[in-house]
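Student: Please find protein_7.pdb (PDB, C-alpha atoms, pLDDT in the B column) on the next line:
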```
MODEL        1
ATOM      1  CA  SER A   1     115.798  94.715  94.961  1.00 36.00           C
ATOM      2  CA  ASP A   2     113.073  96.566  93.022  1.00 41.00           C
ATOM      3  CA  SER A   3     113.163  99.815  91.076  1.00 38.00           C
ATOM      4  CA  THR A   4     112.960 101.804  94.304  1.00 37.00           C
ATOM      5  CA  GLY A   5     116.032 100.144  95.725  1.00 36.00           C
ATOM      6  CA  VAL A   6     114.067  98.527  98.532  1.00 34.00           C
ATOM      7  CA  THR A   7     115.119  94.936  99.176  1.00 32.00           C
ATOM      8  CA  SER A   8     113.133  92.136 100.739  1.00 32.00           C
ATOM      9  CA  SER A   9     115.825  91.799 103.418  1.00 33.00           C
ATOM     10  CA  ALA A  10     114.499  95.033 104.885  1.00 34.00           C
ATOM     11  CA  PHE A  11     111.085  93.457 105.413  1.00 36.00           C
ATOM     12  CA  PHE A  12     111.736  92.782 109.100  1.00 36.00           C
ATOM     13  CA  THR A  13     114.678  94.567 110.698  1.00 40.00           C
ATOM     14  CA  HIS A  14     114.701  93.171 114.244  1.00 43.00           C
ATOM     15  CA  SER A  15     115.928  89.764 115.373  1.00 44.00           C
ATOM     16  CA  ASN A  16     114.216  89.123 118.680  1.00 48.00           C
ATOM     17  CA  ALA A  17     112.615  85.803 119.544  1.00 43.00           C
ATOM     18  CA  LYS A  18     109.235  86.755 118.132  1.00 47.00           C
ATOM     19  CA  ARG A  19     110.769  87.046 114.661  1.00 48.00           C
ATOM     20  CA  ARG A  20     112.077  83.483 114.434  1.00 50.00           C
ATOM     21  CA  MET A  21     108.946  82.502 112.545  1.00 64.00           C
ATOM     22  CA  THR A  22     109.809  82.677 108.851  1.00 70.00           C
ATOM     23  CA  SER A  23     107.858  84.826 106.423  1.00 74.00           C
ATOM     24  CA  VAL A  24     106.492  81.643 104.849  1.00 78.00           C
ATOM     25  CA  ASP A  25     104.965  80.595 108.181  1.00 84.00           C
ATOM     26  CA  ARG A  26     103.377  83.960 108.917  1.00 94.00           C
ATOM     27  CA  PRO A  27      99.879  84.846 107.714  1.00 98.00           C
ATOM     28  CA  THR A  28      99.682  87.958 105.549  1.00 98.00           C
ATOM     29  CA  VAL A  29      97.581  90.984 106.405  1.00 98.00           C
ATOM     30  CA  MET A  30      96.930  93.948 104.135  1.00 98.00           C
ATOM     31  CA  VAL A  31      96.239  97.345 105.669  1.00 98.00           C
ATOM     32  CA  THR A  32      94.297 100.169 104.043  1.00 98.00           C
ATOM     33  CA  ASN A  33      92.334 103.185 105.321  1.00 98.00           C
ATOM     34  CA  ASP A  34      90.577 106.386 104.255  1.00 96.00           C
ATOM     35  CA  ASP A  35      92.685 108.912 106.189  1.00 97.00           C
ATOM     36  CA  GLY A  36      95.657 108.401 103.876  1.00 98.00           C
ATOM     37  CA  ILE A  37      98.825 106.344 104.043  1.00 98.00           C
ATOM     38  CA  ASP A  38     100.600 108.871 106.283  1.00 98.00           C
ATOM     39  CA  ALA A  39      97.788 108.966 108.859  1.00 98.00           C
ATOM     40  CA  ALA A  40      98.761 108.216 112.455  1.00 98.00           C
ATOM     41  CA  GLY A  41      96.111 105.505 112.809  1.00 98.00           C
ATOM     42  CA  LEU A  42      97.408 103.428 109.911  1.00 98.00           C
ATOM     43  CA  GLN A  43     101.047 103.999 110.832  1.00 98.00           C
ATOM     44  CA  SER A  44     100.418 102.928 114.437  1.00 98.00           C
ATOM     45  CA  LEU A  45      98.550  99.812 113.339  1.00 98.00           C
ATOM     46  CA  VAL A  46     101.340  98.793 110.969  1.00 98.00           C
ATOM     47  CA  ARG A  47     104.003  99.344 113.651  1.00 98.00           C
ATOM     48  CA  VAL A  48     102.113  97.147 116.112  1.00 98.00           C
ATOM     49  CA  LEU A  49     101.532  94.410 113.524  1.00 98.00           C
ATOM     50  CA  VAL A  50     105.174  94.421 112.433  1.00 98.00           C
ATOM     51  CA  SER A  51     106.491  94.551 116.009  1.00 98.00           C
ATOM     52  CA  SER A  52     104.458  91.488 116.940  1.00 97.00           C
ATOM     53  CA  GLY A  53     106.566  89.438 114.523  1.00 97.00           C
ATOM     54  CA  ARG A  54     103.522  87.331 113.648  1.00 97.00           C
ATOM     55  CA  TYR A  55     102.519  88.714 110.262  1.00 98.00           C
ATOM     56  CA  ASN A  56     103.717  89.618 106.808  1.00 98.00           C
ATOM     57  CA  VAL A  57     102.346  93.121 106.349  1.00 98.00           C
ATOM     58  CA  GLN A  58     101.201  94.714 103.112  1.00 98.00           C
ATOM     59  CA  VAL A  59      99.967  98.307 102.884  1.00 98.00           C
ATOM     60  CA  CYS A  60      97.842  99.667 100.048  1.00 98.00           C
ATOM     61  CA  ALA A  61      96.279 102.979 101.057  1.00 98.00           C
ATOM     62  CA  PRO A  62      95.223 106.299  99.532  1.00 98.00           C
ATOM     63  CA  ASP A  63      97.994 108.820  98.887  1.00 97.00           C
ATOM     64  CA  ALA A  64      95.857 111.508 100.553  1.00 96.00           C
ATOM     65  CA  GLU A  65      92.809 111.731 102.798  1.00 95.00           C
ATOM     66  CA  ARG A  66      89.685 110.161 101.300  1.00 96.00           C
ATOM     67  CA  SER A  67      87.334 110.330 104.286  1.00 94.00           C
ATOM     68  CA  ALA A  68      83.573 109.940 103.784  1.00 91.00           C
ATOM     69  CA  VAL A  69      83.871 108.794 100.164  1.00 95.00           C
ATOM     70  CA  SER A  70      81.837 105.684 101.008  1.00 95.00           C
ATOM     71  CA  HIS A  71      82.265 102.855  98.461  1.00 97.00           C
ATOM     72  CA  SER A  72      83.088 105.072  95.498  1.00 96.00           C
ATOM     73  CA  ILE A  73      85.548 103.739  92.919  1.00 96.00           C
ATOM     74  CA  THR A  74      87.704 105.227  90.187  1.00 95.00           C
ATOM     75  CA  TRP A  75      86.704 104.349  86.636  1.00 91.00           C
ATOM     76  CA  ARG A  76      87.281 107.387  84.413  1.00 91.00           C
ATOM     77  CA  HIS A  77      91.089 107.168  84.545  1.00 91.00           C
ATOM     78  CA  PRO A  78      93.785 104.612  85.464  1.00 92.00           C
ATOM     79  CA  LEU A  79      94.843 104.168  89.063  1.00 93.00           C
ATOM     80  CA  VAL A  80      98.409 105.185  89.893  1.00 96.00           C
ATOM     81  CA  ALA A  81     100.247 103.280  92.643  1.00 98.00           C
ATOM     82  CA  ARG A  82     103.575 104.459  94.032  1.00 97.00           C
ATOM     83  CA  ARG A  83     105.945 102.370  96.146  1.00 98.00           C
ATOM     84  CA  VAL A  84     106.595 104.102  99.487  1.00 98.00           C
ATOM     85  CA  ASN A  85     108.661 103.370 102.552  1.00 97.00           C
ATOM     86  CA  VAL A  86     106.745 101.983 105.526  1.00 97.00           C
ATOM     87  CA  GLU A  87     109.141 100.181 107.848  1.00 97.00           C
ATOM     88  CA  GLY A  88     108.596  96.446 108.016  1.00 97.00           C
ATOM     89  CA  ALA A  89     105.982  96.340 105.256  1.00 98.00           C
ATOM     90  CA  ILE A  90     105.638  96.350 101.492  1.00 98.00           C
ATOM     91  CA  ALA A  91     103.678  99.530 100.887  1.00 98.00           C
ATOM     92  CA  PHE A  92     102.008 101.397  98.052  1.00 98.00           C
ATOM     93  CA  ALA A  93     100.287 104.786  98.020  1.00 98.00           C
ATOM     94  CA  VAL A  94      97.411 104.868  95.538  1.00 98.00           C
ATOM     95  CA  ALA A  95      95.745 107.869  93.908  1.00 97.00           C
ATOM     96  CA  GLY A  96      92.317 106.432  94.575  1.00 97.00           C
ATOM     97  CA  THR A  97      89.619 105.646  97.113  1.00 98.00           C
ATOM     98  CA  PRO A  98      89.766 103.053  99.915  1.00 98.00           C
ATOM     99  CA  ALA A  99      87.694 100.646  97.799  1.00 98.00           C
ATOM    100  CA  ASP A 100      90.158 101.186  94.928  1.00 98.00           C
ATOM    101  CA  CYS A 101      93.063 100.431  97.256  1.00 98.00           C
ATOM    102  CA  THR A 102      91.568  97.202  98.512  1.00 98.00           C
ATOM    103  CA  SER A 103      90.595  96.063  95.032  1.00 98.00           C
ATOM    104  CA  LEU A 104      94.081  96.781  93.690  1.00 98.00           C
ATOM    105  CA  GLY A 105      95.793  95.328  96.755  1.00 98.00           C
ATOM    106  CA  ILE A 106      94.084  91.941  96.475  1.00 98.00           C
ATOM    107  CA  SER A 107      94.393  91.750  92.678  1.00 97.00           C
ATOM    108  CA  LYS A 108      98.025  90.472  92.721  1.00 97.00           C
ATOM    109  CA  ALA A 109      99.010  93.469  90.581  1.00 97.00           C
ATOM    110  CA  LEU A 110     101.080  94.899  93.447  1.00 98.00           C
ATOM    111  CA  PHE A 111     101.704  91.998  95.808  1.00 98.00           C
ATOM    112  CA  PRO A 112     102.682  88.408  94.944  1.00 96.00           C
ATOM    113  CA  SER A 113      99.828  86.893  96.946  1.00 96.00           C
ATOM    114  CA  VAL A 114      96.383  87.774  98.246  1.00 98.00           C
ATOM    115  CA  ALA A 115      96.363  88.649 101.944  1.00 98.00           C
ATOM    116  CA  ASP A 116      94.730  86.274 104.406  1.00 98.00           C
ATOM    117  CA  LEU A 117      93.029  89.247 106.070  1.00 98.00           C
ATOM    118  CA  VAL A 118      92.384  92.857 105.041  1.00 98.00           C
ATOM    119  CA  ILE A 119      92.341  95.443 107.840  1.00 98.00           C
ATOM    120  CA  SER A 120      90.993  98.927 107.153  1.00 98.00           C
ATOM    121  CA  GLY A 121      91.971 101.592 109.679  1.00 96.00           C
ATOM    122  CA  ILE A 122      92.603 102.707 112.284  1.00 98.00           C
ATOM    123  CA  ASN A 123      90.154 105.486 111.477  1.00 97.00           C
ATOM    124  CA  MET A 124      90.191 108.838 113.268  1.00 97.00           C
ATOM    125  CA  GLY A 125      86.649 108.890 114.631  1.00 95.00           C
ATOM    126  CA  SER A 126      83.834 106.477 115.298  1.00 94.00           C
ATOM    127  CA  ASN A 127      82.064 104.553 112.528  1.00 94.00           C
ATOM    128  CA  CYS A 128      78.816 103.288 114.031  1.00 89.00           C
ATOM    129  CA  GLY A 129      75.256 103.112 112.731  1.00 88.00           C
ATOM    130  CA  TYR A 130      74.501 105.016 109.535  1.00 88.00           C
ATOM    131  CA  ASN A 131      78.059 106.429 109.523  1.00 89.00           C
ATOM    132  CA  MET A 132      79.076 103.031 108.186  1.00 92.00           C
ATOM    133  CA  VAL A 133      77.291 103.911 104.936  1.00 93.00           C
ATOM    134  CA  TYR A 134      79.433 107.018 104.387  1.00 94.00           C
ATOM    135  CA  SER A 135      82.688 105.646 105.765  1.00 96.00           C
ATOM    136  CA  GLY A 136      85.617 105.020 103.439  1.00 97.00           C
ATOM    137  CA  THR A 137      87.197 102.963 106.197  1.00 97.00           C
ATOM    138  CA  VAL A 138      84.279 100.547 106.288  1.00 97.00           C
ATOM    139  CA  ALA A 139      84.219 100.471 102.478  1.00 97.00           C
ATOM    140  CA  GLY A 140      87.845  99.331 102.441  1.00 98.00           C
ATOM    141  CA  ALA A 141      86.835  96.246 104.419  1.00 97.00           C
ATOM    142  CA  ARG A 142      83.573  95.791 102.521  1.00 97.00           C
ATOM    143  CA  GLU A 143      85.385  95.674  99.180  1.00 98.00           C
ATOM    144  CA  ALA A 144      87.517  92.782 100.436  1.00 98.00           C
ATOM    145  CA  PHE A 145      84.369  91.009 101.627  1.00 97.00           C
ATOM    146  CA  PHE A 146      82.788  91.458  98.189  1.00 97.00           C
ATOM    147  CA  ASN A 147      85.807  89.665  96.740  1.00 97.00           C
ATOM    148  CA  GLY A 148      85.760  86.769  99.200  1.00 96.00           C
ATOM    149  CA  VAL A 149      88.643  87.972 101.380  1.00 97.00           C
ATOM    150  CA  PRO A 150      88.072  88.126 105.174  1.00 97.00           C
ATOM    151  CA  SER A 151      88.204  91.685 106.449  1.00 97.00           C
ATOM    152  CA  ILE A 152      87.794  93.982 109.401  1.00 96.00           C
ATOM    153  CA  SER A 153      87.421  97.760 109.693  1.00 97.00           C
ATOM    154  CA  ILE A 154      88.735  99.457 112.831  1.00 97.00           C
ATOM    155  CA  SER A 155      87.883 102.930 114.105  1.00 96.00           C
ATOM    156  CA  TYR A 156      88.931 104.836 117.216  1.00 96.00           C
ATOM    157  CA  ASP A 157      86.487 107.299 118.818  1.00 95.00           C
ATOM    158  CA  TRP A 158      88.824 110.292 118.711  1.00 96.00           C
ATOM    159  CA  VAL A 159      87.793 113.253 120.877  1.00 96.00           C
ATOM    160  CA  GLY A 160      89.626 116.537 120.468  1.00 94.00           C
ATOM    161  CA  GLY A 161      91.354 117.733 123.622  1.00 95.00           C
ATOM    162  CA  ILE A 162      91.161 114.271 125.178  1.00 94.00           C
ATOM    163  CA  SER A 163      92.658 111.841 122.669  1.00 95.00           C
ATOM    164  CA  SER A 164      96.329 111.690 121.682  1.00 95.00           C
ATOM    165  CA  VAL A 165      98.296 110.004 118.909  1.00 96.00           C
ATOM    166  CA  GLN A 166      99.474 107.402 121.432  1.00 96.00           C
ATOM    167  CA  ASP A 167      95.876 106.198 121.721  1.00 96.00           C
ATOM    168  CA  TYR A 168      96.152 104.734 118.219  1.00 97.00           C
ATOM    169  CA  THR A 169      98.915 102.450 119.462  1.00 97.00           C
ATOM    170  CA  LEU A 170      96.757 101.392 122.415  1.00 95.00           C
ATOM    171  CA  ALA A 171      93.863 100.775 120.034  1.00 96.00           C
ATOM    172  CA  ALA A 172      96.048  98.643 117.747  1.00 97.00           C
ATOM    173  CA  GLU A 173      97.373  96.638 120.696  1.00 95.00           C
ATOM    174  CA  ALA A 174      93.822  96.086 121.951  1.00 93.00           C
ATOM    175  CA  CYS A 175      92.913  94.644 118.543  1.00 94.00           C
ATOM    176  CA  LEU A 176      95.867  92.236 118.313  1.00 94.00           C
ATOM    177  CA  PRO A 177      94.016  89.383 120.099  1.00 92.00           C
ATOM    178  CA  ILE A 178      91.029  89.905 117.785  1.00 91.00           C
ATOM    179  CA  ILE A 179      93.227  89.873 114.690  1.00 95.00           C
ATOM    180  CA  GLY A 180      95.086  86.789 115.906  1.00 95.00           C
ATOM    181  CA  SER A 181      91.859  84.953 116.678  1.00 92.00           C
ATOM    182  CA  ILE A 182      90.348  85.784 113.287  1.00 93.00           C
ATOM    183  CA  LEU A 183      93.443  84.485 111.486  1.00 96.00           C
ATOM    184  CA  SER A 184      93.390  81.344 113.613  1.00 94.00           C
ATOM    185  CA  GLU A 185      89.770  80.708 112.622  1.00 93.00           C
ATOM    186  CA  ILE A 186      90.616  81.398 108.976  1.00 95.00           C
ATOM    187  CA  LYS A 187      93.420  78.835 109.120  1.00 94.00           C
ATOM    188  CA  LYS A 188      90.992  76.268 110.542  1.00 94.00           C
ATOM    189  CA  SER A 189      88.410  77.170 107.868  1.00 94.00           C
ATOM    190  CA  SER A 190      85.923  77.938 110.626  1.00 91.00           C
ATOM    191  CA  TYR A 191      85.732  81.704 110.179  1.00 90.00           C
ATOM    192  CA  PRO A 192      82.251  82.858 109.023  1.00 89.00           C
ATOM    193  CA  ARG A 193      82.446  84.021 105.393  1.00 86.00           C
ATOM    194  CA  ASN A 194      79.029  85.671 105.235  1.00 87.00           C
ATOM    195  CA  CYS A 195      80.126  88.886 106.928  1.00 89.00           C
ATOM    196  CA  PHE A 196      82.913  91.335 107.637  1.00 93.00           C
ATOM    197  CA  LEU A 197      83.600  92.943 111.005  1.00 92.00           C
ATOM    198  CA  ASN A 198      83.396  96.622 111.942  1.00 93.00           C
ATOM    199  CA  VAL A 199      85.152  97.362 115.246  1.00 93.00           C
ATOM    200  CA  ASP A 200      84.779 100.671 117.087  1.00 92.00           C
ATOM    201  CA  LEU A 201      87.140 101.369 119.961  1.00 93.00           C
ATOM    202  CA  PRO A 202      86.094 103.752 122.781  1.00 93.00           C
ATOM    203  CA  THR A 203      87.933 106.976 123.556  1.00 93.00           C
ATOM    204  CA  ASP A 204      89.302 105.584 126.819  1.00 91.00           C
ATOM    205  CA  VAL A 205      90.526 102.429 125.126  1.00 87.00           C
ATOM    206  CA  ALA A 206      93.075 101.588 127.848  1.00 83.00           C
ATOM    207  CA  ASN A 207      90.294 100.945 130.383  1.00 82.00           C
ATOM    208  CA  HIS A 208      87.979  98.984 128.088  1.00 73.00           C
ATOM    209  CA  LYS A 209      90.191  96.245 126.654  1.00 60.00           C
ATOM    210  CA  VAL A 210      88.776  93.288 128.598  1.00 48.00           C
ATOM    211  CA  LYS A 211      85.138  94.336 128.221  1.00 52.00           C
ATOM    212  CA  GLY A 212      85.609  94.896 124.491  1.00 51.00           C
ATOM    213  CA  LEU A 213      87.199  91.489 123.938  1.00 53.00           C
ATOM    214  CA  LEU A 214      84.400  89.723 125.816  1.00 50.00           C
ATOM    215  CA  HIS A 215      81.807  91.528 123.664  1.00 56.00           C
ATOM    216  CA  PHE A 216      83.738  90.514 120.550  1.00 55.00           C
ATOM    217  CA  TRP A 217      83.709  86.839 121.521  1.00 51.00           C
ATOM    218  CA  GLU A 218      79.982  86.941 122.242  1.00 55.00           C
ATOM    219  CA  ASN A 219      79.333  88.374 118.786  1.00 57.00           C
ATOM    220  CA  MET A 220      81.668  85.895 117.083  1.00 56.00           C
ATOM    221  CA  LYS A 221      79.789  83.005 118.681  1.00 50.00           C
ATOM    222  CA  CYS A 222      76.559  84.451 117.306  1.00 51.00           C
ATOM    223  CA  LEU A 223      78.000  84.840 113.799  1.00 50.00           C
ATOM    224  CA  SER A 224      78.987  81.181 113.845  1.00 49.00           C
ATOM    225  CA  CYS A 225      75.619  80.083 115.225  1.00 46.00           C
ATOM    226  CA  SER A 226      73.015  78.492 112.962  1.00 43.00           C
ATOM    227  CA  ASP A 227      70.177  79.071 115.439  1.00 43.00           C
ATOM    228  CA  ALA A 228      67.763  81.558 113.859  1.00 37.00           C
ATOM    229  CA  SER A 229      66.609  82.600 117.318  1.00 36.00           C
ATOM    230  CA  CYS A 230      70.048  83.954 118.200  1.00 36.00           C
ATOM    231  CA  ALA A 231      69.725  87.748 118.041  1.00 35.00           C
ATOM    232  CA  SER A 232      72.793  89.070 119.825  1.00 34.00           C
ATOM    233  CA  LEU A 233      73.880  91.155 116.832  1.00 34.00           C
TER     234      LEU A 233
ENDMDL
END
```
What does the file become when written as structure tokens?
Tutor:
Amino acid sequence: SDSTGVTSSAFFTHSNAKRRMTSVDRPTVMVTNDDGIDAAGLQSLVRVLVSSGRYNVQVCAPDAERSAVSHSITWRHPLVARRVNVEGAIAFAVAGTPADCTSLGISKALFPSVADLVISGINMGSNCGYNMVYSGTVAGAREAFFNGVPSISISYDWVGGISSVQDYTLAAEACLPIIGSILSEIKKSSYPRNCFLNVDLPTDVANHKVKGLLHFWENMKCLSCSDASCASL
């Protein structure tokens, strides 16, 4: 038990077959974002990750919305991190930017170990092209990459009047095979370390899962390819 009264026994509350893998056997993922720790995208992603029973989940995210802050960091005053309740995860809300959150989260100041993979998102809105420069979501993943930790940023192309909160869950479920494959490659030491991934999910994510996964695999093959003539990305 820590000072908040939260015990490690509350880490995973269900006992179905998927949860027979011990916490020692599971890879660890850390989730951050720029929409804030209470945002539906992050909460949906964490629920899906925890429900899968495959991962130890850490959360280190801004205590309020920090959209479009790019890769800004806090340096004029100390960062304040507060333990919060996110079911199935060890979670901290930080009075800082997404880059701050990632940096703090992988520093071992909050968590006992560095995550195998940092996931930033799920962002409310697309992050393609030059938007990646302004995006706090992308910066959360980029900061991990700068520090040698594999990372991925995930955004959902939210459209008002069409999208619903449930779409975040569909987006998270669509990304589970990608996340699992990345962690498998990391375990085999075959994951490319010279990049981080930025994934944008379409508005109608339910009808694009297969096409999106095929595109992902094509790009992953290119990232792993040493042929200079390969120009798929």
Student: Name the residues that the PyMOL selection byres ((chain A and resi 137) around 7) picks from the file above, as a list in words, using the file's chain letters and numbers.
Tutor: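 Applied to this file, the PyMOL selection byres ((chain A and resi 137) around 7) returns Asn33, Asp34, Pro98, Ser120, Gly121, Asn123, Ser135, Gly136, Val138, Ala139, Gly140, Ala141 and Ser153 of chain A.
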Student: Please measure the separation of CA of Pro62 (chain A) and CA of Ser107 (chain A), giving the value in Å to one decimal.
Tutor: 16.1 Å
Student: Pull out every residue that the PyMOL selection byres ((chain A and resi 84) around 12) matches in the shown coordinates and put them as a VMD selection string.
Tutor: chain A and resid 2 to 6 37 to 38 58 to 63 81 to 83 85 to 94
Student: Between A:Trp158, A:Gly129, A:Ala206, A:Leu117, which one has atoms that come closest to Ile178 (chain A), using all atoms listed in the file?
Tutor: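 Smallest distance to Ile178 (chain A) is found for A:Leu117.
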Student: Taking only C-alpha atoms into account, which of A:Pro27, A:Gly161, A:Pro78, A:Pro202 comes nearest Val114 (chain A)?
Tutor: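 Closest to Val114 (chain A) of all the choices is A:Pro27.
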Student: Could you jot down the CA of His77 (chain A) to CA of Asp100 (chain A) separation for me, Å, one decimal place?
Tutor: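 For CA of His77 (chain A) relative to CA of Asp100 (chain A), the distance reads 12.0 Å.
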Student: Output the residue selection produced by the PyMOL selection byres ((chain A and resi 187) around 12) on the file above, formatted as a ChimeraX atom specification.
Tutor: /A:25-28,116-117,150,180-186,188-192
Student: May I ask which of the residues A:Tyr55, A:Tyr134, A:Tyr168, A:Trp75 is the closest one to Ile122 (chain A), counting all atoms listed in the file?
Tutor: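 Going through A:Tyr55, A:Tyr134, A:Tyr168, A:Trp75 one by one, the smallest distance to Ile122 (chain A) is for A:Tyr168.
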Student: Since the input has fewer atoms than a full residue there, write region 60-78 of chain A out with N, CA, C and O atoms, as a PDB file, in the frame of the given file.
Tutor:
```pdb
ATOM      1  N   CYS A  60      98.321  99.079 101.293  1.00 98.00           N
ATOM      2  CA  CYS A  60      97.842  99.667 100.048  1.00 98.00           C
ATOM      3  C   CYS A  60      96.772 100.682 100.437  1.00 98.00           C
ATOM      4  O   CYS A  60      95.624 100.319 100.706  1.00 98.00           O
ATOM      5  N   ALA A  61      97.158 101.952 100.499  1.00 98.00           N
ATOM      6  CA  ALA A  61      96.279 102.979 101.057  1.00 98.00           C
ATOM      7  C   ALA A  61      96.291 104.230 100.189  1.00 98.00           C
ATOM      8  O   ALA A  61      97.222 104.443  99.399  1.00 98.00           O
ATOM      9  N   PRO A  62      95.280 105.067 100.328  1.00 98.00           N
ATOM     10  CA  PRO A  62      95.223 106.299  99.532  1.00 98.00           C
ATOM     11  C   PRO A  62      96.427 107.200  99.784  1.00 98.00           C
ATOM     12  O   PRO A  62      96.955 107.255 100.903  1.00 98.00           O
ATOM     13  N   ASP A  63      96.844 107.921  98.739  1.00 97.00           N
ATOM     14  CA  ASP A  63      97.994 108.820  98.887  1.00 97.00           C
ATOM     15  C   ASP A  63      97.626 110.124  99.589  1.00 97.00           C
ATOM     16  O   ASP A  63      98.496 110.931  99.915  1.00 97.00           O
ATOM     17  N   ALA A  64      96.337 110.334  99.828  1.00 96.00           N
ATOM     18  CA  ALA A  64      95.857 111.508 100.553  1.00 96.00           C
ATOM     19  C   ALA A  64      94.546 111.139 101.235  1.00 96.00           C
ATOM     20  O   ALA A  64      94.007 110.057 101.019  1.00 96.00           O
ATOM     21  N   GLU A  65      94.042 112.042 102.064  1.00 95.00           N
ATOM     22  CA  GLU A  65      92.809 111.731 102.798  1.00 95.00           C
ATOM     23  C   GLU A  65      91.630 111.529 101.847  1.00 95.00           C
ATOM     24  O   GLU A  65      91.419 112.295 100.911  1.00 95.00           O
ATOM     25  N   ARG A  66      90.879 110.459 102.094  1.00 96.00           N
ATOM     26  CA  ARG A  66      89.685 110.161 101.300  1.00 96.00           C
ATOM     27  C   ARG A  66      88.522 109.822 102.241  1.00 96.00           C
ATOM     28  O   ARG A  66      87.761 108.885 102.002  1.00 96.00           O
ATOM     29  N   SER A  67      88.386 110.590 103.303  1.00 94.00           N
ATOM     30  CA  SER A  67      87.334 110.330 104.286  1.00 94.00           C
ATOM     31  C   SER A  67      85.955 110.576 103.686  1.00 94.00           C
ATOM     32  O   SER A  67      85.768 111.450 102.833  1.00 94.00           O
ATOM     33  N   ALA A  68      84.989 109.783 104.140  1.00 91.00           N
ATOM     34  CA  ALA A  68      83.573 109.940 103.784  1.00 91.00           C
ATOM     35  C   ALA A  68      83.314 109.830 102.283  1.00 91.00           C
ATOM     36  O   ALA A  68      82.373 110.422 101.761  1.00 91.00           O
ATOM     37  N   VAL A  69      84.117 109.019 101.598  1.00 95.00           N
ATOM     38  CA  VAL A  69      83.871 108.794 100.164  1.00 95.00           C
ATOM     39  C   VAL A  69      83.032 107.538  99.952  1.00 95.00           C
ATOM     40  O   VAL A  69      82.763 107.153  98.815  1.00 95.00           O
ATOM     41  N   SER A  70      82.642 106.896 101.046  1.00 95.00           N
ATOM     42  CA  SER A  70      81.837 105.684 101.008  1.00 95.00           C
ATOM     43  C   SER A  70      82.505 104.628 100.125  1.00 95.00           C
ATOM     44  O   SER A  70      83.715 104.453 100.183  1.00 95.00           O
ATOM     45  N   HIS A  71      81.714 103.951  99.270  1.00 97.00           N
ATOM     46  CA  HIS A  71      82.265 102.855  98.461  1.00 97.00           C
ATOM     47  C   HIS A  71      82.512 103.299  97.014  1.00 97.00           C
ATOM     48  O   HIS A  71      82.424 102.491  96.076  1.00 97.00           O
ATOM     49  N   SER A  72      82.829 104.567  96.849  1.00 96.00           N
ATOM     50  CA  SER A  72      83.088 105.072  95.498  1.00 96.00           C
ATOM     51  C   SER A  72      84.355 104.443  94.931  1.00 96.00           C
ATOM     52  O   SER A  72      85.276 104.070  95.670  1.00 96.00           O
ATOM     53  N   ILE A  73      84.395 104.310  93.604  1.00 96.00           N
ATOM     54  CA  ILE A  73      85.548 103.739  92.919  1.00 96.00           C
ATOM     55  C   ILE A  73      85.954 104.650  91.761  1.00 96.00           C
ATOM     56  O   ILE A  73      85.188 105.494  91.313  1.00 96.00           O
ATOM     57  N   THR A  74      87.173 104.453  91.299  1.00 95.00           N
ATOM     58  CA  THR A  74      87.704 105.227  90.187  1.00 95.00           C
ATOM     59  C   THR A  74      87.519 104.430  88.898  1.00 95.00           C
ATOM     60  O   THR A  74      87.925 103.276  88.813  1.00 95.00           O
ATOM     61  N   TRP A  75      86.898 105.068  87.889  1.00 91.00           N
ATOM     62  CA  TRP A  75      86.704 104.349  86.636  1.00 91.00           C
ATOM     63  C   TRP A  75      86.941 105.208  85.397  1.00 91.00           C
ATOM     64  O   TRP A  75      87.059 104.695  84.289  1.00 91.00           O
ATOM     65  N   ARG A  76      87.068 106.508  85.561  1.00 91.00           N
ATOM     66  CA  ARG A  76      87.281 107.387  84.413  1.00 91.00           C
ATOM     67  C   ARG A  76      88.755 107.488  84.001  1.00 91.00           C
ATOM     68  O   ARG A  76      89.049 107.936  82.886  1.00 91.00           O
ATOM     69  N   HIS A  77      89.666 107.100  84.884  1.00 91.00           N
ATOM     70  CA  HIS A  77      91.089 107.168  84.545  1.00 91.00           C
ATOM     71  C   HIS A  77      91.829 106.066  85.289  1.00 91.00           C
ATOM     72  O   HIS A  77      91.330 105.530  86.294  1.00 91.00           O
ATOM     73  N   PRO A  78      93.034 105.701  84.823  1.00 92.00           N
ATOM     74  CA  PRO A  78      93.785 104.612  85.464  1.00 92.00           C
ATOM     75  C   PRO A  78      94.211 104.975  86.883  1.00 92.00           C
ATOM     76  O   PRO A  78      94.441 106.149  87.203  1.00 92.00           O
TER      77      PRO A  78
END
```
